[in-house]
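**Student:** After the structure tokens below, expect a handful of questions from me.
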Amino acid sequence: MNKILIGFLLFFCFLLVYAFGTNQEQTDKALLFYQQENYDQAVKEYEIMILEGLNNPYVFYNLSNAYYKIGNIGKASVNIERALRLVPRDKDIQYNRMLLAKLAKEPDPNIAEFIVQEIKFLVSLNEITVIAGVSFAVLAFCFGLYCLKKQKIFFKSSIFFFILFVLSGVLMYIKFNNECIMQEAIVLTDTYVRNKPIKTEEVAFEVFAGRKVIILFELGKWVNIKLLLDGFSGWVDKNSVEKI
């Protein structure tokens, strides 16, 4: 059993290194621009790294900080959300997300919404996918040994990993639905929301840069959005939002 757990940990660490690997030279260059308060150039360097396929949470985090320094709250919010999806337990990233949400005038979550939010902060989608896959494999292995040897330790192990598999499967479904099925986006600039996808339509309400929304569907140059937490919906120009 100990060998199985050690193998799981080594495999998990390999995945983290593979997923979060960085080009150190590029990272140092971007960080130097940031430290010199040349935030526009820092943004360019971080954006190049991301365009080249880098998927590192701390690159997104630093890019968010650079956008914040030049006053682009919308882009800062997009990138802090992307960082949070990769490392949801990071306290600095959580704090910046909360700060940007306040600047976007996002309402405080109620108790139920707060609980759901805390559950989302437990693990990333990548982590829970690995946990679900490994727990299923170990479950099958332990149950197979129990069928062959009829020893209680393998039966108890099978029950443990079955419970772990079910719980991780439920959490994986929640995370997958939230991050892949439900199209979450960030409002890039202060934007008027209209009841119909027509420029001459009367304004229903205004949303501020950095506000998180759900894209319900698209129609040409327009998207129908729904505000998280308070639930209001309407139409905005497609270019005024960016998907997380």
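Ordering of the structure tokens sets the chain letters (A, B, ...); residue numbers start at 1 within each chain; ligands are numbered from 1 in the order shown.
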Based on the backbone DSSP call, show me all residues of range 118-204 of chain A assigned alpha helix (DSSP H), as a ChimeraX atom specification.
**Tutor:** /A:118-120,125-149,152-176
**Student:** Need to verify the contact set: Ala204 in chain A, 7 Å, only C-alpha atoms, exclusion of same-chain residues closer than 3 positions in sequence. Can you return it as a list in words?
**Tutor:** Val193, Arg194 and Asn195 of chain A
**Student:** Counting only C-alpha atoms, which residue out of A:Ile215, A:Glu201, A:Tyr61, A:Tyr67 sits closest to Asp92 in chain A?
**Tutor:**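 So, comparing all the options, the nearest one is A:Tyr61.
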**Student:** So which residues touch Ala66 in chain A within 10 Å, counting only C-alpha atoms, skipping near sequence neighbours fewer than 5 positions away, as JSON, numbers by chain?
**Tutor:** {"A": [30, 31, 33, 34, 37, 38, 39, 40, 41, 42, 43, 44, 46, 60, 61, 71, 72, 75, 76]}
**Student:** Do you know which residues are at most 7 Å from Phe208 in chain A counting only C-alpha atoms, after dropping those on the same chain fewer than 2 positions away, and could you put them as a list in words?
**Tutor:**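 Result of the neighbour search: Ala104, Val187, Thr189, Asp190, Thr191, Glu206, Gly210 and Arg211 of chain A.
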**Student:** Please, could you write that set of residues out with C-alpha atoms as a compact mmCIF listing (two decimals), in the first residue's frame?
**Tutor:**
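For reference, part-v1.txt as written:
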# COMPACT_ATOMS: atom_id res chain seq x y z
CA ALA A 104 -15.71 45.55 -10.13
CA VAL A 187 -16.17 42.19 -18.55
CA THR A 189 -14.48 47.65 -19.78
CA ASP A 190 -17.39 49.43 -18.13
CA THR A 191 -20.26 48.34 -20.34
CA GLU A 206 -24.31 48.89 -16.41
CA GLY A 210 -13.63 43.08 -13.98
CA ARG A 211 -17.11 41.70 -13.30
**Student:** Name the residues in contact with Ile244 in chain A at a cut-off of 6 Å, using only C-alpha atoms, excluding same-chain residues fewer than 6 positions from it; report them as a list of chain:residue names.
**Tutor:** A:Val78, A:Glu184, A:Ala185
**Student:** Can you spit out the residues from that selection as a CSV table (one decimal), in the first residue's frame, using C-alpha atoms?
**Tutor:**
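Written out: out_9.csv:
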chain,number,residue,atom,x,y,z
A,78,VAL,CA,-9.2,37.6,-16.5
A,184,GLU,CA,-17.5,32.1,-17.6
A,185,ALA,CA,-16.1,35.4,-18.8
**Student:** Fewer than 5 positions away in the same chain doesn't count, so skip those; otherwise give me all residues within 8 Å of Phe155 in chain A, counting only C-alpha atoms, as a ChimeraX atom specification.
**Tutor:** /A:142-143,146,150
**Student:** What separation in Å, quoted to one decimal, exists between CA of Gly133 in chain A and CA of Ser157 in chain A?
**Tutor:** 16.0 Å
